[in-house]
file protein_21.txt (compact mmCIF, C-alpha atoms)
# COMPACT_ATOMS: atom_id res chain seq x y z
CA MET A 22 222.41 172.91 117.81
CA PRO A 23 223.97 174.57 120.84
CA PRO A 24 221.65 176.85 122.80
CA ARG A 25 221.29 180.43 121.61
CA TRP A 26 223.01 181.96 124.64
CA LEU A 27 226.13 179.95 124.05
CA VAL A 28 226.41 181.04 120.43
CA PHE A 29 225.84 184.60 121.54
CA LEU A 30 228.54 184.26 124.21
CA ALA A 31 231.00 182.86 121.68
CA LEU A 32 230.36 185.74 119.31
CA LEU A 33 230.75 188.22 122.15
CA ALA A 34 234.08 186.68 123.16
CA THR A 35 235.35 186.93 119.59
CA VAL A 36 234.41 190.58 119.37
CA ALA A 37 235.90 191.27 122.82
CA ALA A 38 239.18 189.72 121.65
CA VAL A 39 239.54 192.51 119.07
CA LEU A 40 238.92 195.21 121.66
CA PRO A 41 242.37 195.31 123.33
CA PHE A 42 244.01 195.77 119.95
CA THR A 43 241.60 198.55 119.03
CA ILE A 44 242.36 200.36 122.28
CA VAL A 45 246.11 200.08 121.71
CA ALA A 46 245.73 201.29 118.12
CA ARG A 47 243.80 204.30 119.41
CA VAL A 48 246.41 205.03 122.08
CA ARG A 49 249.11 204.90 119.41
CA ALA A 50 247.24 207.33 117.19
CA THR A 51 246.51 209.98 119.84
CA PRO A 52 249.38 211.72 121.66
CA ASP A 53 248.75 212.51 125.34
CA ALA A 54 250.54 213.37 128.56
CA ASN A 55 250.48 209.91 130.19
CA ARG A 56 253.24 208.27 128.19
CA ALA A 57 256.74 207.14 128.69
CA VAL A 58 255.44 204.33 130.87
CA HIS A 59 258.43 202.89 132.70
CA ILE A 60 257.48 199.36 133.67
CA PHE A 61 261.04 198.42 134.53
CA GLN A 62 262.92 201.42 135.91
CA ASP A 63 266.36 199.88 135.34
CA MET A 64 268.79 202.79 135.52
CA ASP A 65 266.64 205.14 133.46
CA PHE A 66 266.75 207.90 136.07
CA GLN A 67 270.16 208.36 137.68
CA ALA A 68 271.20 210.84 140.33
CA LYS A 69 273.02 213.12 137.90
CA PHE A 70 272.29 216.37 136.12
CA LYS A 71 272.07 216.44 132.36
CA THR A 72 272.04 219.43 130.01
CA GLN A 73 269.38 222.03 130.89
CA THR A 74 267.96 220.11 133.84
CA LYS A 75 266.72 221.55 137.12
CA ASN A 76 268.74 221.76 140.34
CA PRO A 77 266.72 223.26 143.20
CA LEU A 78 269.91 223.83 145.22
CA PHE A 79 270.59 227.00 143.26
CA ALA A 80 268.40 230.08 143.54
CA ASP A 81 267.74 230.15 139.78
CA HIS A 82 267.27 226.33 139.60
CA ARG A 83 269.75 226.02 136.73
CA ALA A 84 271.91 222.89 136.96
CA MET A 85 274.08 224.42 134.22
CA ARG A 86 275.78 227.34 135.93
CA PRO A 87 276.03 230.60 133.98
CA ALA A 88 279.61 231.90 133.69
CA VAL A 89 280.63 234.16 136.55
CA GLU A 90 280.54 237.78 135.47
CA GLY A 91 283.94 238.90 134.23
CA SER A 92 285.36 235.41 133.76
CA VAL A 93 287.37 234.78 130.60
CA ALA A 94 287.25 231.42 128.86
CA ARG A 95 290.50 229.80 127.71
CA GLY A 96 291.53 231.20 124.36
CA GLU A 97 289.09 234.09 124.53
CA VAL A 98 291.27 237.13 125.13
CA TYR A 99 289.10 240.11 124.40
CA ALA A 100 292.09 242.42 123.90
CA ASP A 101 291.77 241.89 120.14
CA THR A 102 289.08 244.55 119.58
CA HIS A 103 289.05 243.98 115.83
CA TYR A 104 287.89 240.37 116.20
CA TRP A 105 285.61 240.79 119.22
CA GLU A 106 284.12 244.26 118.65
CA GLY A 107 284.73 245.07 115.00
CA ALA A 108 286.64 248.21 115.96
CA VAL A 109 290.22 249.26 115.23
CA GLN A 110 291.59 252.16 117.26
CA GLY A 111 288.13 253.47 118.10
CA ASP A 112 286.78 253.34 114.54
CA TRP A 113 284.79 250.63 112.69
CA ALA A 114 287.05 248.17 110.92
CA ASP A 115 286.99 247.98 107.12
CA GLY A 116 288.22 244.42 106.70
CA LEU A 117 288.21 241.01 108.35
CA PRO A 118 290.37 240.37 111.42
CA SER A 119 293.55 238.43 110.66
CA GLN A 120 292.12 235.15 112.08
CA LEU A 121 289.59 234.91 109.26
CA GLN A 122 290.06 234.47 105.52
CA LEU A 123 287.66 235.75 102.89
CA THR A 124 286.85 232.68 100.78
CA ASP A 125 283.82 231.48 98.80
CA ALA A 126 283.09 228.96 101.56
CA PHE A 127 283.14 231.75 104.15
CA ILE A 128 280.58 233.83 102.21
CA GLU A 129 278.42 230.74 101.69
CA ARG A 130 278.53 230.08 105.41
CA GLY A 131 277.45 233.69 105.89
CA GLN A 132 274.56 233.21 103.49
CA GLN A 133 273.38 230.10 105.31
CA ARG A 134 273.59 231.80 108.71
CA PHE A 135 271.92 234.98 107.37
CA ASN A 136 269.03 232.89 106.08
CA ILE A 137 268.64 231.26 109.50
CA TYR A 138 268.98 234.28 111.78
CA CYS A 139 268.26 237.43 109.79
CA SER A 140 265.90 236.56 106.93
CA ALA A 141 262.87 236.14 109.22
CA CYS A 142 262.73 239.95 109.53
CA HIS A 143 264.95 241.32 106.76
CA GLY A 144 263.87 238.85 104.05
CA TYR A 145 266.13 236.59 102.00
CA SER A 146 267.18 239.41 99.71
CA GLY A 147 267.47 241.95 102.50
CA TYR A 148 264.66 244.35 101.56
CA GLY A 149 263.09 244.16 105.02
CA ASP A 150 260.19 242.05 103.79
CA GLY A 151 260.65 238.92 105.95
CA ILE A 152 257.53 237.01 107.06
CA VAL A 153 257.86 238.05 110.70
CA ASN A 154 258.07 241.68 109.64
CA GLN A 155 254.95 241.34 107.48
CA ARG A 156 253.07 239.62 110.29
CA ALA A 157 254.09 242.26 112.83
CA MET A 158 253.22 245.14 110.48
CA ALA A 159 249.75 243.58 110.09
CA LEU A 160 249.40 243.63 113.89
CA MET A 161 250.37 247.33 113.87
CA SER A 162 247.84 248.33 111.20
CA ASN A 163 244.91 246.69 112.99
CA THR A 164 241.81 248.95 112.76
CA ASN A 165 241.36 249.01 116.57
CA GLY A 166 244.95 249.99 117.25
CA PRO A 167 248.02 247.73 117.59
CA VAL A 168 247.19 244.26 118.98
CA MET A 169 248.12 243.60 122.64
CA GLY A 170 250.66 246.36 122.99
CA THR A 171 252.57 245.56 119.80
CA ARG A 172 255.02 248.36 118.99
CA TRP A 173 256.97 246.98 116.05
CA VAL A 174 259.38 249.13 114.09
CA ALA A 175 259.79 248.01 110.49
CA ALA A 176 262.94 245.98 109.91
CA LYS A 177 265.23 248.20 107.83
CA SER A 178 265.96 247.39 104.23
CA LEU A 179 269.63 246.50 104.06
CA HIS A 180 269.78 248.34 100.72
CA ASP A 181 268.82 251.63 102.33
CA PRO A 182 271.51 254.19 101.33
CA LEU A 183 272.39 254.85 104.99
CA VAL A 184 272.78 251.15 105.76
CA ARG A 185 274.94 250.66 102.67
CA GLU A 186 277.41 253.13 104.12
CA HIS A 187 278.05 250.92 107.17
CA ARG A 188 281.52 249.49 107.26
CA LEU A 189 282.15 245.77 107.84
CA GLY A 190 282.99 246.25 111.52
CA MET A 191 279.76 248.19 112.07
CA LEU A 192 277.69 245.42 110.43
CA PHE A 193 279.45 242.93 112.69
CA ASN A 194 278.61 245.13 115.66
CA ILE A 195 274.92 245.30 114.67
CA ALA A 196 274.77 241.50 114.42
CA THR A 197 276.50 241.28 117.82
CA ASN A 198 274.78 243.95 119.91
CA GLY A 199 271.75 244.91 117.83
CA ILE A 200 270.77 248.47 117.08
CA ARG A 201 267.87 250.57 118.44
CA ASN A 202 264.82 248.23 118.15
CA MET A 203 266.77 245.23 116.91
CA ALA A 204 268.12 242.74 119.46
CA GLY A 205 271.72 241.50 119.40
CA TYR A 206 272.60 237.98 118.31
CA GLN A 207 275.74 237.47 120.40
CA GLY A 208 274.10 234.63 122.36
CA GLN A 209 272.80 232.77 119.32
CA ILE A 210 275.54 233.14 116.69
CA THR A 211 279.23 232.40 117.16
CA THR A 212 281.73 235.22 116.61
CA ASP A 213 283.12 233.69 113.40
CA ASP A 214 279.62 233.30 112.01
CA ARG A 215 278.75 236.93 112.81
CA TRP A 216 281.75 237.99 110.72
CA ALA A 217 280.59 235.67 107.93
CA ILE A 218 277.13 237.25 108.08
CA ALA A 219 278.60 240.77 107.93
CA CYS A 220 280.55 239.79 104.78
CA TYR A 221 277.45 238.25 103.23
CA VAL A 222 275.40 241.39 103.95
CA GLN A 223 277.96 243.43 102.02
CA ALA A 224 277.87 240.91 99.18
CA LEU A 225 274.07 241.12 99.17
CA GLN A 226 274.19 244.92 99.12
CA ARG A 227 276.59 244.89 96.23
CA SER A 228 274.46 242.38 94.31
CA GLN A 229 271.46 244.73 94.44
CA ASN A 230 273.44 247.74 93.29
CA ALA A 231 275.70 246.10 90.75
CA THR A 232 276.91 247.82 87.57
CA THR A 233 278.19 246.37 84.33
CA GLN A 234 281.71 247.05 85.63
CA ASP A 235 281.18 244.36 88.32
CA VAL A 236 280.79 241.67 85.65
CA PRO A 237 284.01 240.14 84.29
CA PRO A 238 284.53 241.48 80.70
CA GLU A 239 284.34 238.04 79.08
CA LEU A 240 280.88 237.44 80.58
CA ARG A 241 279.39 240.86 79.82
CA LYS A 242 278.10 239.82 76.41
CA ASP A 243 275.75 237.35 78.18
CA LEU A 244 273.92 240.12 80.04
CA PRO A 245 270.40 240.18 78.57
CA LEU A 246 270.05 243.98 78.42
CA LEU A 247 273.34 244.56 76.60
CA LYS A 248 272.75 242.16 73.73
CA MET B 11 216.72 158.41 138.10
CA SER B 12 217.83 159.95 134.88
CA ARG B 13 221.54 160.31 134.34
CA PHE B 14 223.04 163.48 132.92
CA SER B 15 224.26 162.97 129.40
CA PHE B 16 226.08 165.55 127.31
CA PRO B 17 223.84 166.88 124.50
CA ARG B 18 224.85 166.04 120.97
CA TRP B 19 226.05 169.54 120.15
CA SER B 20 228.67 169.42 122.85
CA ASN B 21 230.81 167.41 120.42
CA LEU B 22 231.31 170.71 118.62
CA LEU B 23 233.02 172.15 121.69
CA LEU B 24 236.10 170.00 121.38
CA PRO B 25 237.48 171.56 118.17
CA VAL B 26 236.50 174.99 119.47
CA ILE B 27 238.40 174.46 122.71
CA ILE B 28 241.44 173.19 120.83
CA LEU B 29 241.30 176.16 118.48
CA VAL B 30 241.02 178.66 121.32
CA GLY B 31 243.73 176.89 123.29
CA ALA B 32 246.07 176.97 120.32
CA THR B 33 245.47 180.64 119.39
CA MET B 34 245.50 181.99 122.94
CA PRO B 35 249.32 182.00 123.41
CA LEU B 36 249.71 183.49 119.94
CA TYR B 37 247.10 186.11 120.79
CA ALA B 38 248.82 186.96 124.06
CA ALA B 39 252.23 187.17 122.38
CA TYR B 40 250.92 189.49 119.69
CA PHE B 41 249.21 191.66 122.24
CA VAL B 42 252.34 192.04 124.37
CA ALA B 43 254.47 192.78 121.30
CA TYR B 44 252.00 195.36 120.00
CA GLY B 45 250.64 196.86 123.20
CA PHE B 46 253.85 196.95 125.24
CA SER B 47 256.17 198.07 122.46
CA PRO B 48 257.94 201.43 122.89
CA LYS B 49 255.84 202.62 119.94
CA THR B 50 252.83 202.44 122.27
CA LEU B 51 254.37 203.13 125.67
CA ASP B 52 256.91 205.84 124.75
CA ALA B 53 256.03 207.47 121.41
CA GLY B 54 253.20 209.97 121.47
CA TYR B 55 254.17 211.62 124.78
CA GLN B 56 252.71 215.12 124.70
CA PRO B 57 252.97 217.05 127.98
CA THR B 58 251.32 220.44 128.40
CA GLN B 59 253.85 223.27 128.40
CA PRO B 60 253.85 226.30 130.75
CA ILE B 61 253.53 228.68 127.78
CA PRO B 62 251.27 227.77 124.83
CA PHE B 63 254.19 228.01 122.40
CA SER B 64 253.28 226.75 118.93
CA HIS B 65 255.77 225.27 116.48
CA ALA B 66 252.99 225.27 113.88
CA LEU B 67 252.99 229.08 114.10
CA HIS B 68 256.68 229.85 114.59
CA ALA B 69 258.36 227.11 112.53
CA GLY B 70 255.42 226.53 110.18
CA GLN B 71 253.69 229.81 109.31
CA LEU B 72 256.53 232.18 110.20
CA GLY B 73 259.04 229.78 108.67
CA LEU B 74 261.68 230.29 111.36
CA ASP B 75 264.57 227.88 110.93
CA CYS B 76 264.92 225.35 113.78
CA ARG B 77 268.46 226.60 114.38
CA TYR B 78 267.21 230.12 115.16
CA CYS B 79 266.08 228.72 118.52
CA HIS B 80 267.76 225.30 118.92
CA ILE B 81 271.24 226.76 118.60
CA GLY B 82 273.18 223.72 119.80
CA VAL B 83 271.76 221.31 117.27
CA ASP B 84 274.55 221.56 114.68
CA ARG B 85 277.46 222.07 117.05
CA ALA B 86 276.77 220.12 120.28
CA ALA B 87 275.24 216.96 121.69
CA SER B 88 272.20 218.79 123.01
CA ALA B 89 269.90 220.73 120.68
CA SER B 90 269.09 223.01 123.65
CA ILE B 91 265.80 224.75 124.42
CA PRO B 92 266.04 228.51 123.71
CA VAL B 93 266.66 230.96 126.54
CA THR B 94 264.09 233.65 127.31
CA GLN B 95 266.15 236.30 125.51
CA THR B 96 265.66 234.44 122.20
CA CYS B 97 261.90 234.86 122.48
CA MET B 98 262.33 238.46 123.59
CA ASN B 99 264.14 239.27 120.31
CA CYS B 100 260.62 239.50 118.92
CA HIS B 101 258.24 239.55 121.85
CA THR B 102 259.49 242.78 123.44
CA THR B 103 257.66 244.41 120.54
CA ILE B 104 255.24 241.72 119.27
CA ARG B 105 252.15 241.22 121.48
CA PRO B 106 254.03 242.03 124.72
CA GLU B 107 250.77 242.35 126.68
CA SER B 108 249.31 239.00 125.57
CA PRO B 109 248.24 236.91 128.59
CA LYS B 110 249.74 233.88 126.80
CA LEU B 111 253.16 235.53 127.20
CA ALA B 112 252.77 236.44 130.90
CA LYS B 113 255.14 233.68 132.08
CA LEU B 114 257.70 234.72 129.47
CA ASN B 115 257.66 238.35 130.61
CA GLU B 116 257.92 237.23 134.21
CA SER B 117 260.96 235.11 133.38
CA ASN B 118 262.50 238.05 131.55
CA LEU B 119 262.03 240.30 134.60
CA THR B 120 263.13 237.88 137.33
CA GLY B 121 265.87 236.04 135.45
CA MET B 122 264.35 232.67 136.41
CA PRO B 123 264.25 230.24 133.46
CA VAL B 124 260.93 229.16 131.95
CA GLU B 125 260.37 225.60 133.16
CA TRP B 126 259.51 223.80 129.91
CA THR B 127 258.54 220.17 130.34
CA ARG B 128 260.97 217.84 128.60
CA VAL B 129 259.38 215.80 125.85
CA HIS B 130 262.22 213.55 124.64
CA LYS B 131 263.99 211.66 127.38
CA LEU B 132 266.49 208.92 126.66
CA PRO B 133 267.30 206.78 129.69
CA ASP B 134 270.28 208.23 131.57
CA PHE B 135 272.52 205.33 130.49
CA ALA B 136 272.18 206.12 126.77
CA PHE B 137 274.17 208.81 124.97
CA PHE B 138 272.89 210.76 122.01
CA ASN B 139 274.54 213.51 119.96
CA HIS B 140 272.66 215.89 117.68
CA ALA B 141 275.62 217.40 115.85
CA ALA B 142 276.82 213.91 114.82
CA HIS B 143 273.51 213.35 113.01
CA VAL B 144 272.56 216.81 111.79
CA THR B 145 275.92 217.65 110.21
CA ARG B 146 275.95 214.26 108.44
CA GLY B 147 272.60 214.68 106.75
CA VAL B 148 269.94 213.16 109.00
CA GLY B 149 267.07 215.65 109.09
CA CYS B 150 265.03 216.72 112.11
CA ALA B 151 261.86 215.41 110.48
CA THR B 152 263.28 211.87 110.24
CA CYS B 153 263.42 211.56 114.03
CA HIS B 154 260.98 214.23 115.26
CA GLY B 155 258.26 214.12 112.58
CA ARG B 156 256.52 217.18 111.18
CA ILE B 157 257.26 219.52 114.09
CA ASP B 158 256.24 222.45 111.90
CA LYS B 159 252.66 221.14 111.99
CA MET B 160 252.47 220.53 115.74
CA GLU B 161 250.64 223.04 117.94
CA VAL B 162 252.07 221.16 120.93
CA VAL B 163 255.18 219.02 120.50
CA TYR B 164 254.87 215.27 120.99
CA GLN B 165 257.39 212.46 120.77
CA PHE B 166 257.16 211.08 117.25
CA SER B 167 259.67 208.20 117.44
CA PRO B 168 259.90 205.40 120.02
CA LEU B 169 263.58 206.25 120.84
CA SER B 170 264.17 202.58 121.63
CA MET B 171 267.51 200.90 121.03
CA GLY B 172 265.91 198.88 118.22
CA TRP B 173 264.89 202.12 116.53
CA CYS B 174 268.42 203.60 116.76
CA LEU B 175 269.99 200.42 115.43
CA GLU B 176 267.53 200.02 112.58
CA CYS B 177 268.91 203.22 111.11
CA HIS B 178 272.54 202.69 112.15
CA ARG B 179 272.50 199.38 110.23
CA GLU B 180 270.80 200.78 107.12
CA PRO B 181 271.08 204.58 107.14
CA VAL B 182 270.93 205.19 103.41
CA THR B 183 267.17 205.68 103.00
CA ASN B 184 267.21 208.38 105.70
CA LEU B 185 270.02 210.49 104.25
CA ARG B 186 269.70 213.95 102.71
CA SER B 187 272.11 216.75 101.95
CA PRO B 188 273.48 218.34 105.16
CA MET B 189 272.27 221.69 103.77
CA ASP B 190 268.64 220.52 103.98
CA VAL B 191 268.46 219.05 107.48
CA THR B 192 265.92 221.58 108.76
CA ASN B 193 263.76 221.38 105.63
CA MET B 194 260.57 219.88 107.02
CA ARG B 195 258.79 219.32 103.72
CA LEU B 196 261.53 217.23 102.16
CA ASP B 197 260.89 213.48 102.33
CA PRO B 198 264.36 212.05 101.56
CA ALA B 199 263.27 208.56 100.45
CA LYS B 200 260.67 209.97 98.03
CA ASP B 201 262.22 213.27 96.91
CA LEU B 202 265.86 212.19 96.53
CA GLY B 203 265.62 208.52 95.65
CA ILE B 204 268.01 205.71 96.46
CA ASP B 205 270.58 206.58 93.77
CA GLU B 206 271.10 210.11 95.04
CA GLN B 207 271.16 208.86 98.63
CA THR B 208 273.76 206.21 97.83
CA ARG B 209 275.89 208.97 96.29
CA LEU B 210 275.50 211.06 99.45
CA GLN B 211 276.52 208.13 101.64
CA ALA B 212 279.62 207.47 99.54
CA ARG B 213 280.56 211.17 99.32
CA PHE B 214 280.38 211.77 103.08
CA GLN B 215 281.54 208.23 103.97
CA ILE B 216 278.66 207.66 106.33
CA SER B 217 278.89 204.47 108.36
CA PRO B 218 277.16 204.76 111.75
CA SER B 219 278.66 202.62 114.45
CA GLU B 220 276.92 199.66 116.08
CA ASN B 221 279.43 199.40 118.92
CA CYS B 222 277.85 199.36 122.35
CA THR B 223 280.24 202.09 123.49
CA THR B 224 278.93 204.51 120.86
CA CYS B 225 275.71 204.94 122.81
CA HIS B 226 276.58 203.50 126.22
CA ARG B 227 279.64 205.29 127.58
call {"tool": "encode", "arguments": {"input": "protein_21.txt", "output": "C-alpha cells"}}
result
Amino acid sequence: MPPRWLVFLALLATVAAVLPFTIVARVRATPDANRAVHIFQDMDFQAKFKTQTKNPLFADHRAMRPAVEGSVARGEVYADTHYWEGAVQGDWADGLPSQLQLTDAFIERGQQRFNIYCSACHGYSGYGDGIVNQRAMALMSNTNGPVMGTRWVAAKSLHDPLVREHRLGMLFNIATNGIRNMAGYQGQITTDDRWAIACYVQALQRSQNATTQDVPPELRKDLPLLK
Amino acid sequence: MSRFSFPRWSNLLLPVIILVGATMPLYAAYFVAYGFSPKTLDAGYQPTQPIPFSHALHAGQLGLDCRYCHIGVDRAASASIPVTQTCMNCHTTIRPESPKLAKLNESNLTGMPVEWTRVHKLPDFAFFNHAAHVTRGVGCATCHGRIDKMEVVYQFSPLSMGWCLECHREPVTNLRSPMDVTNMRLDPAKDLGIDEQTRLQARFQISPSENCTTCHR
C-alpha cells in the first residue's frame, strides 16, 4: 500500500482539479462589473465615434451633434401647417393632411403606437386608468402627504365630454406638444405616427359611445341586447 | 550499505501517471474552451449606472413598452438610450424630490446628458442593426433576456460571432410575430411551436445572410 500522505495528496489533487470549473461556473452565473475581458484587443476599440458616445471636445460631451436651432432638414418644409401643426388657417383641422390616407392599416398603426406611448397613463381603453396613473395616484393619496414632492394630475379620460369635442388637429397637437400637465411626444413619435394616434383616439372615442346606427344593418340582428 | 529500492506499491504509479498524462491535455482544452469562452468573459457584464434606474420597475411592474424609451429600435440601427426629457415626461411630477433622481434633475437643468455606462459593446469592426431584427420578428428577450426582471441591466448573450451565426444559419426557432417583439413573457419556441414558426419564416421570407460583409462593412 502507498503511504497515507500520498493517497491523501492524490485525493486532494483530484478535488482541486474540479475547482477551476466550479469557479468558472460561478462566474458565469453571477453578473458583475468586471467583464468584457479583452485578452486580444485586435481592433475592438477604434478611434471613431459611434452612436451616443462621448466626445469631450464639445461642451456638452455629445459626439452626436444636436441640430442647430432653426435648421430645416431636407424634405421638412414646415410651411404646411396642416401636416406639421394640425391647424388650417388658424383653426384646428378636421381631417387628415393630404399626404396621409385613412386606411385600416393606418388606424391599426395608430392603435399599436397608442398602446406603446399613451396607454401607460390613459389606459388601453382610454379611461385614464393606466398603470402609471394608478401608481402615481397612490403616491398622491399617501397618509403623510404626497411622496417626495409628487404632484400628479390625473390623466384625463379620453371619453370625457370635453375631450370628445376635440377635433383631429387638436388631438394631433396634444400628442405633439402636450397639454397643461401632460408632456409632448414630438421627440419620441414621428409626425405620421402622431396623426395615426389622433385617428385612433377618435376611433376609440366613437367605440365607447357607439349607437345601433353605427352597426351595419345586416349585422344588427347579432347584437345581444336587440335579440 | 543498503541500496535504495522502489517499494512494491510504486508499481501502481505507472498507470496513474499515464492516466494523468493522457487526461491533462484534455482537461486543459476543456478548461480553455469553457473558461475563456465569450459566455464567461463577455456575457454577464453588469456595470453600475449613475442613476439607479430599474427595468424591473418601469418595464416590469409599470409595463412600459420598450419602445416608449428605446425609440430607435424599430426604425434604426441603434436602439438608443432615452434622452432626459423622456424620463421627465413622468418625473417632473412623480417623486421629483427623490435623491435617486438628483442626477436626472441636474441633467434636466444643465442640458448635459446623463452619462449611462454602456452595457452591450460589439467590437468596432462589427456592424449590428436593430430594426433589421425587430421588424422581422426577433424579440428583445431572445438576445437581451428577461430585461423586465432586471433591477440592473446585464449582458445576457455572449455577442460573439459564433452566437450571431448560430441564429443566422437556423433562425426559425427564434422567430415570433413582428407584433410581439417587445412581449417579454412570450417564449417563441415553447408558445408558438415549430409549425407556426415555419409559417412565419415562409410568410416574411426570412433568410438572414451569412456573408462577411453583412456584419463587417
call {"tool": "atom_distance", "arguments": {"input": "protein_21.txt", "atom1": "atom CA of Asp101 of chain A", "atom2": "atom CA of Pro118 of chain A"}}
result
9.0 Å
call {"tool": "residues_around", "arguments": {"input": "protein_21.txt", "residues": "Ser162 of chain A", "least_positions_apart": "4", "cutoff": "12 Å", "atoms": "all atoms listed in the file", "output": "NGL selection string"}}
result
:A and (155-158 or 166-168 or 171-175)
call {"tool": "residues_around", "arguments": {"input": "protein_21.txt", "residues": "Val144 of chain B", "least_positions_apart": "6", "cutoff": "10 Å", "atoms": "only C-alpha atoms", "output": "list of chain:residue names"}}
result
B:Val83, B:Asp84, B:Arg85, B:Cys150, B:Arg186, B:Ser187, B:Pro188, B:Met189, B:Asp190, B:Val191, B:Thr192
call {"tool": "write_last_selection", "arguments": {"input": "protein_21.txt", "atoms": "C-alpha atoms", "output": "PDB file, in the frame of the given file"}}
result
ATOM      1  CA  VAL B  83     271.760 221.310 117.270  1.00  0.00           C
ATOM      2  CA  ASP B  84     274.550 221.560 114.680  1.00  0.00           C
ATOM      3  CA  ARG B  85     277.460 222.070 117.050  1.00  0.00           C
ATOM      4  CA  CYS B 150     265.030 216.720 112.110  1.00  0.00           C
ATOM      5  CA  ARG B 186     269.700 213.950 102.710  1.00  0.00           C
ATOM      6  CA  SER B 187     272.110 216.750 101.950  1.00  0.00           C
ATOM      7  CA  PRO B 188     273.480 218.340 105.160  1.00  0.00           C
ATOM      8  CA  MET B 189     272.270 221.690 103.770  1.00  0.00           C
ATOM      9  CA  ASP B 190     268.640 220.520 103.980  1.00  0.00           C
ATOM     10  CA  VAL B 191     268.460 219.050 107.480  1.00  0.00           C
ATOM     11  CA  THR B 192     265.920 221.580 108.760  1.00  0.00           C
TER      12      THR B 192
END
call {"tool": "closest_residue", "arguments": {"input": "protein_21.txt", "among": "B:Gly31, B:Gly155, B:Pro133, B:Gly149", "to": "chain A", "atoms": "all atoms listed in the file"}}
result
B:Pro133
call {"tool": "closest_residue", "arguments": {"input": "protein_21.txt", "among": "B:Pro17, B:Lys159, B:Arg213, B:Thr152", "to": "Ala199 of chain B", "atoms": "only C-alpha atoms"}}
result
B:Thr152
call {"tool": "interface_residues", "arguments": {"input": "protein_21.txt", "of": "chain B", "to": "chain A", "cutoff": "8 Å", "atoms": "only C-alpha atoms", "output": "number ranges by chain"}}
result
B: 18-20, 41, 44-45, 49-58, 72-75, 77-79, 81, 88, 90-91, 96, 99, 103-108, 121-123, 132-135, 164
call {"tool": "atom_distance", "arguments": {"input": "protein_21.txt", "atom1": "atom CA of Val39 of chain A", "atom2": "atom CA of Tyr37 of chain B"}}
result
10.1 Å
call {"tool": "atom_distance", "arguments": {"input": "protein_21.txt", "atom1": "atom CA of Tyr148 of chain A", "atom2": "atom CA of Arg185 of chain A"}}
result
12.1 Å
call {"tool": "closest_residue", "arguments": {"input": "protein_21.txt", "among": "A:Leu32, A:Thr164, A:Thr233, A:Asn76", "to": "Glu125 of chain B", "atoms": "only C-alpha atoms"}}
result
A:Asn76
call {"tool": "residues_around", "arguments": {"input": "protein_21.txt", "residues": "Val124 of chain B", "least_positions_apart": "4", "cutoff": "8 Å", "atoms": "only C-alpha atoms", "output": "tab-separated table (two decimals) with C-alpha atoms, in the frame of the given file"}}
result
chain	number	residue	atom	x	y	z
B	60	PRO	CA	253.85	226.30	130.75
B	94	THR	CA	264.09	233.65	127.31
B	113	LYS	CA	255.14	233.68	132.08
B	114	LEU	CA	257.70	234.72	129.47
B	117	SER	CA	260.96	235.11	133.38
call {"tool": "closest_residue", "arguments": {"input": "protein_21.txt", "among": "B:Gln211, B:Thr33, B:Ser217, B:Ser167", "to": "Arg179 of chain B", "atoms": "only C-alpha atoms"}}
result
B:Ser217
call {"tool": "closest_residue", "arguments": {"input": "protein_21.txt", "among": "A:Arg215, A:His143, A:Arg25, A:Arg130", "to": "Ala196 of chain A", "atoms": "all atoms listed in the file"}}
result
A:Arg215
call {"tool": "residues_around", "arguments": {"input": "protein_21.txt", "residues": "Val163 of chain B", "least_positions_apart": "2", "cutoff": "8 Å", "atoms": "only C-alpha atoms", "output": "MDAnalysis selection string"}}
result
chainID B and resid 56 65 129 157 160:161 165
call {"tool": "build_atoms", "arguments": {"input": "protein_21.txt", "residues": "segment 162-173 of chain B", "atoms": "N, CA and C atoms", "output": "short mmCIF file (atom, residue, chain, number, x, y, z; two decimals), in the coordinates of the input"}}
result
data_model
loop_
_atom_site.label_atom_id
_atom_site.label_comp_id
_atom_site.auth_asym_id
_atom_site.auth_seq_id
_atom_site.Cartn_x
_atom_site.Cartn_y
_atom_site.Cartn_z
N VAL B 162 251.33 221.56 119.73
CA VAL B 162 252.07 221.16 120.93
C VAL B 162 252.97 220.00 120.54
N VAL B 163 254.25 220.06 120.93
CA VAL B 163 255.18 219.02 120.50
C VAL B 163 254.86 217.69 121.16
N TYR B 164 254.93 216.60 120.40
CA TYR B 164 254.87 215.27 120.99
C TYR B 164 256.02 214.43 120.45
N GLN B 165 256.30 213.35 121.17
CA GLN B 165 257.39 212.46 120.77
C GLN B 165 256.92 211.60 119.62
N PHE B 166 257.59 211.74 118.47
CA PHE B 166 257.16 211.08 117.25
C PHE B 166 257.74 209.66 117.16
N SER B 167 258.99 209.49 117.58
CA SER B 167 259.67 208.20 117.44
C SER B 167 259.74 207.48 118.78
N PRO B 168 259.87 206.13 118.76
CA PRO B 168 259.90 205.40 120.02
C PRO B 168 261.18 205.63 120.84
N LEU B 169 262.28 206.06 120.19
CA LEU B 169 263.58 206.25 120.84
C LEU B 169 264.07 204.99 121.54
N SER B 170 263.67 203.83 121.05
CA SER B 170 264.17 202.58 121.63
C SER B 170 265.50 202.22 120.97
N MET B 171 266.23 201.31 121.60
CA MET B 171 267.51 200.90 121.03
C MET B 171 267.30 200.26 119.66
N GLY B 172 266.21 199.50 119.52
CA GLY B 172 265.91 198.88 118.22
C GLY B 172 265.75 199.93 117.14
N TRP B 173 265.11 201.05 117.49
CA TRP B 173 264.89 202.12 116.53
C TRP B 173 266.22 202.77 116.12
#
